[in-house]
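Visitor: Encoded as structure tokens, here's the structure I'll be asking about.
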Amino acid sequence: QVQLVESGGGLVQPGGSLRLSCAASGFTFSSYTMSWYRQAPGKERELVARISDTGGRTIYADSVKGRFTISRDNAKNTVYLQMNSLRPEDTRVYYCTTDKNGMRYWGKGTLVTVSS
């Protein structure tokens, strides 16, 4: 079955960096677009970044453009989110997700807290 496991979250000071990872299994990773979403308490999940199956195309939310970079390693079945110049408003739970055959799969999320 499809499994997505995020890691790399934690506490970081404003202006700092973190790299999130999402290890995927149970499907042909290299054939699917992967995305990162994030969610604050009481708010809807919002798209952060998306990457095509080959990694050749990416899109970003306006709020993270120029600060975050999504990438993938199809040999390792892993997608990454490099987050630089972090701000307090980036504090969210970050989720890895993919849509396989019309069904969306989510990981359990990893908490990123940006605070001094």
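Every chain in the structure tokens takes a letter, A first, then B, and so on in the order presented; its residues are numbered from 1, and the ligands are numbered from 1 following the presented order.
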Can you check which residues of stretch 42-110 of chain A DSSP gives as strand (DSSP E or B) on the backbone and send them as a PyMOL selection string?
Guide: chain A and resi 46-51+58-60+68-73+78-83+92-100+103-106+110
Visitor: Save the residues we just selected, N, CA and C atoms, as a short mmCIF file (atom, residue, chain, number, x, y, z; two decimals), in the first residue's frame?
Guide:
```
data_model
loop_
_atom_site.label_atom_id
_atom_site.label_comp_id
_atom_site.auth_asym_id
_atom_site.auth_seq_id
_atom_site.Cartn_x
_atom_site.Cartn_y
_atom_site.Cartn_z
N GLU A 46 -2.83 24.03 2.67
CA GLU A 46 -2.53 24.84 1.50
C GLU A 46 -1.33 24.25 0.77
N LEU A 47 -1.36 24.36 -0.54
CA LEU A 47 -0.25 23.87 -1.36
C LEU A 47 0.98 24.73 -1.12
N VAL A 48 2.10 24.08 -0.90
CA VAL A 48 3.38 24.77 -0.76
C VAL A 48 4.16 24.67 -2.07
N ALA A 49 4.32 23.44 -2.56
CA ALA A 49 5.10 23.22 -3.78
C ALA A 49 4.73 21.88 -4.39
N ARG A 50 4.96 21.79 -5.69
CA ARG A 50 4.64 20.56 -6.43
C ARG A 50 5.76 20.31 -7.43
N ILE A 51 6.05 19.02 -7.64
CA ILE A 51 7.10 18.66 -8.59
C ILE A 51 6.61 17.53 -9.48
N THR A 58 8.21 22.44 -11.65
CA THR A 58 7.87 22.72 -10.27
C THR A 58 6.96 23.94 -10.21
N ILE A 59 6.13 23.99 -9.19
CA ILE A 59 5.34 25.18 -8.90
C ILE A 59 5.40 25.45 -7.41
N TYR A 60 5.24 26.72 -7.07
CA TYR A 60 5.33 27.14 -5.67
C TYR A 60 4.21 28.10 -5.32
N PHE A 68 11.81 28.56 -0.74
CA PHE A 68 11.69 27.10 -0.65
C PHE A 68 12.03 26.49 -2.01
N THR A 69 12.59 25.28 -1.96
CA THR A 69 12.90 24.54 -3.18
C THR A 69 12.45 23.09 -3.01
N ILE A 70 11.64 22.63 -3.94
CA ILE A 70 11.22 21.23 -3.93
C ILE A 70 12.11 20.46 -4.91
N SER A 71 12.48 19.25 -4.52
CA SER A 71 13.29 18.41 -5.39
C SER A 71 12.95 16.95 -5.10
N ARG A 72 13.45 16.07 -5.94
CA ARG A 72 13.18 14.65 -5.73
C ARG A 72 14.35 13.83 -6.20
N ASP A 73 14.47 12.64 -5.60
CA ASP A 73 15.47 11.66 -6.00
C ASP A 73 14.70 10.38 -6.29
N THR A 78 12.30 9.48 -2.81
CA THR A 78 12.21 10.52 -1.80
C THR A 78 12.01 11.89 -2.45
N VAL A 79 11.15 12.68 -1.83
CA VAL A 79 10.96 14.07 -2.25
C VAL A 79 11.38 14.96 -1.09
N TYR A 80 11.97 16.10 -1.43
CA TYR A 80 12.53 17.01 -0.42
C TYR A 80 11.88 18.38 -0.52
N LEU A 81 11.95 19.10 0.59
CA LEU A 81 11.58 20.50 0.59
C LEU A 81 12.66 21.25 1.37
N GLN A 82 13.49 21.98 0.65
CA GLN A 82 14.49 22.82 1.29
C GLN A 82 13.85 24.16 1.60
N MET A 83 13.88 24.53 2.88
CA MET A 83 13.23 25.76 3.32
C MET A 83 14.28 26.70 3.90
N ARG A 92 3.89 25.54 10.68
CA ARG A 92 2.78 24.70 10.23
C ARG A 92 3.17 23.24 10.39
N VAL A 93 2.21 22.35 10.23
CA VAL A 93 2.51 20.96 9.97
C VAL A 93 2.62 20.80 8.45
N TYR A 94 3.70 20.16 8.01
CA TYR A 94 3.96 19.99 6.58
C TYR A 94 3.68 18.54 6.19
N TYR A 95 2.94 18.39 5.09
CA TYR A 95 2.53 17.07 4.63
C TYR A 95 3.02 16.81 3.22
N CYS A 96 3.41 15.58 3.00
CA CYS A 96 3.76 15.08 1.67
C CYS A 96 2.52 14.38 1.11
N THR A 97 2.29 14.52 -0.19
CA THR A 97 1.09 13.92 -0.76
C THR A 97 1.28 13.59 -2.23
N THR A 98 0.50 12.61 -2.68
CA THR A 98 0.44 12.29 -4.09
C THR A 98 -0.97 11.82 -4.44
N ASP A 99 -1.31 11.94 -5.71
CA ASP A 99 -2.61 11.50 -6.20
C ASP A 99 -2.37 10.30 -7.11
N LYS A 100 -2.82 9.16 -6.70
CA LYS A 100 -2.62 7.93 -7.47
C LYS A 100 -3.98 7.37 -7.85
N MET A 103 -7.05 8.84 -6.17
CA MET A 103 -7.12 8.85 -4.70
C MET A 103 -5.89 9.59 -4.17
N ARG A 104 -6.15 10.52 -3.25
CA ARG A 104 -5.03 11.29 -2.69
C ARG A 104 -4.54 10.61 -1.42
N TYR A 105 -3.25 10.47 -1.36
CA TYR A 105 -2.59 9.87 -0.20
C TYR A 105 -1.78 10.93 0.53
N TRP A 106 -1.80 10.85 1.87
CA TRP A 106 -1.10 11.81 2.70
C TRP A 106 -0.19 11.09 3.69
N THR A 110 4.92 16.52 9.42
CA THR A 110 6.03 16.85 10.30
C THR A 110 5.89 18.33 10.68
#
```
Visitor: Would you list, as an NGL selection string, the residues of stretch 8-114 of chain A that end up in helix (DSSP H, G or I) under DSSP run on this structure's backbone?
Guide: :A and (29-31 or 88-90)
Visitor: When you draw a straight line from atom CA of A:Lys76 to atom CA of A:Glu6, how long is it in Å?
Guide: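 For atom CA of A:Lys76 relative to atom CA of A:Glu6, the distance reads 13.9 Å.
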Visitor: What is the distance between atom CA of A:Leu4 and atom CA of A:Ser30, in Å to one decimal?
Guide: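 Those two atoms sit 14.0 Å apart.
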Visitor: Report as an mmCIF file with all heavy atoms, in the first residue's frame all protein, DNA and RNA residues lying within 8 Å of A:Ala24, evaluated on only C-alpha atoms, omitting residues in the same chain fewer than 5 positions from it.
Guide:
```cif
data_model
loop_
_atom_site.group_PDB
_atom_site.id
_atom_site.type_symbol
_atom_site.label_atom_id
_atom_site.label_comp_id
_atom_site.auth_asym_id
_atom_site.auth_seq_id
_atom_site.Cartn_x
_atom_site.Cartn_y
_atom_site.Cartn_z
ATOM 1 N N VAL A 2 0.280 2.352 -0.419
ATOM 2 C CA VAL A 2 1.027 3.598 -0.483
ATOM 3 C C VAL A 2 1.369 4.076 0.925
ATOM 4 O O VAL A 2 0.516 4.106 1.814
ATOM 5 C CB VAL A 2 0.197 4.683 -1.205
ATOM 6 C CG1 VAL A 2 0.898 6.033 -1.135
ATOM 7 C CG2 VAL A 2 -0.054 4.284 -2.655
ATOM 8 N N GLN A 3 2.642 4.403 1.109
ATOM 9 C CA GLN A 3 3.080 4.991 2.379
ATOM 10 C C GLN A 3 3.948 6.200 2.096
ATOM 11 O O GLN A 3 4.821 6.157 1.223
ATOM 12 C CB GLN A 3 3.859 3.978 3.208
ATOM 13 C CG GLN A 3 2.995 2.936 3.878
ATOM 14 C CD GLN A 3 3.728 2.196 4.987
ATOM 15 O OE1 GLN A 3 4.887 1.847 4.844
ATOM 16 N NE2 GLN A 3 3.042 1.963 6.094
ATOM 17 N N LEU A 4 3.698 7.256 2.844
ATOM 18 C CA LEU A 4 4.477 8.483 2.755
ATOM 19 C C LEU A 4 4.895 8.859 4.173
ATOM 20 O O LEU A 4 4.029 9.012 5.037
ATOM 21 C CB LEU A 4 3.645 9.602 2.129
ATOM 22 C CG LEU A 4 3.105 9.338 0.726
ATOM 23 C CD1 LEU A 4 2.095 10.400 0.322
ATOM 24 C CD2 LEU A 4 4.244 9.270 -0.282
ATOM 25 N N VAL A 5 6.187 8.987 4.390
ATOM 26 C CA VAL A 5 6.691 9.263 5.731
ATOM 27 C C VAL A 5 7.570 10.507 5.691
ATOM 28 O O VAL A 5 8.661 10.488 5.112
ATOM 29 C CB VAL A 5 7.481 8.068 6.284
ATOM 30 C CG1 VAL A 5 7.985 8.392 7.688
ATOM 31 C CG2 VAL A 5 6.619 6.804 6.305
ATOM 32 N N PHE A 29 7.131 5.401 -7.625
ATOM 33 C CA PHE A 29 7.364 6.794 -7.266
ATOM 34 C C PHE A 29 7.706 7.660 -8.472
ATOM 35 O O PHE A 29 7.192 8.770 -8.619
ATOM 36 C CB PHE A 29 8.499 6.838 -6.237
ATOM 37 C CG PHE A 29 8.879 8.202 -5.775
ATOM 38 C CD1 PHE A 29 8.101 8.889 -4.849
ATOM 39 C CD2 PHE A 29 10.038 8.814 -6.246
ATOM 40 C CE1 PHE A 29 8.463 10.151 -4.409
ATOM 41 C CE2 PHE A 29 10.406 10.071 -5.818
ATOM 42 C CZ PHE A 29 9.615 10.741 -4.891
ATOM 43 N N ASN A 77 13.351 7.165 -4.021
ATOM 44 C CA ASN A 77 11.913 7.296 -3.734
ATOM 45 C C ASN A 77 11.650 8.357 -2.662
ATOM 46 O O ASN A 77 10.849 8.151 -1.740
ATOM 47 C CB ASN A 77 11.314 5.959 -3.279
ATOM 48 C CG ASN A 77 11.177 4.961 -4.409
ATOM 49 O OD1 ASN A 77 11.497 5.263 -5.555
ATOM 50 N ND2 ASN A 77 10.719 3.771 -4.089
ATOM 51 N N THR A 78 12.296 9.485 -2.811
ATOM 52 C CA THR A 78 12.209 10.525 -1.798
ATOM 53 C C THR A 78 12.012 11.891 -2.452
ATOM 54 O O THR A 78 12.641 12.194 -3.472
ATOM 55 C CB THR A 78 13.478 10.541 -0.930
ATOM 56 O OG1 THR A 78 13.635 9.262 -0.304
ATOM 57 C CG2 THR A 78 13.393 11.610 0.149
#
```
Visitor: Just checking: using only C-alpha atoms, which residue out of A:Ser25, A:Asn84, A:Gln13, A:Ser52 ends up closest to A:Gly107?
Guide: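 Distance minimum relative to A:Gly107 lands on A:Ser25.
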Visitor: Give me the residues within 8 Å of A:Leu11 as a PyMOL selection string, counting only C-alpha atoms and dropping any in the same chain fewer than 3 places off.
Guide: chain A and resi 112-115
Visitor: Find, counting only C-alpha atoms, the residue in A:Gly102, A:Val64, A:Leu86, A:Ser17 that gets nearest to A:Trp36.
Guide: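 Ranking A:Gly102, A:Val64, A:Leu86, A:Ser17 by distance to A:Trp36, first place goes to A:Val64.
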Visitor: Atom CA of A:Gly9 and atom CA of A:Leu111, how far apart in Å?
Guide: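 Answer for the atom CA of A:Leu111 to atom CA of A:Gly9 separation: 5.2 Å.
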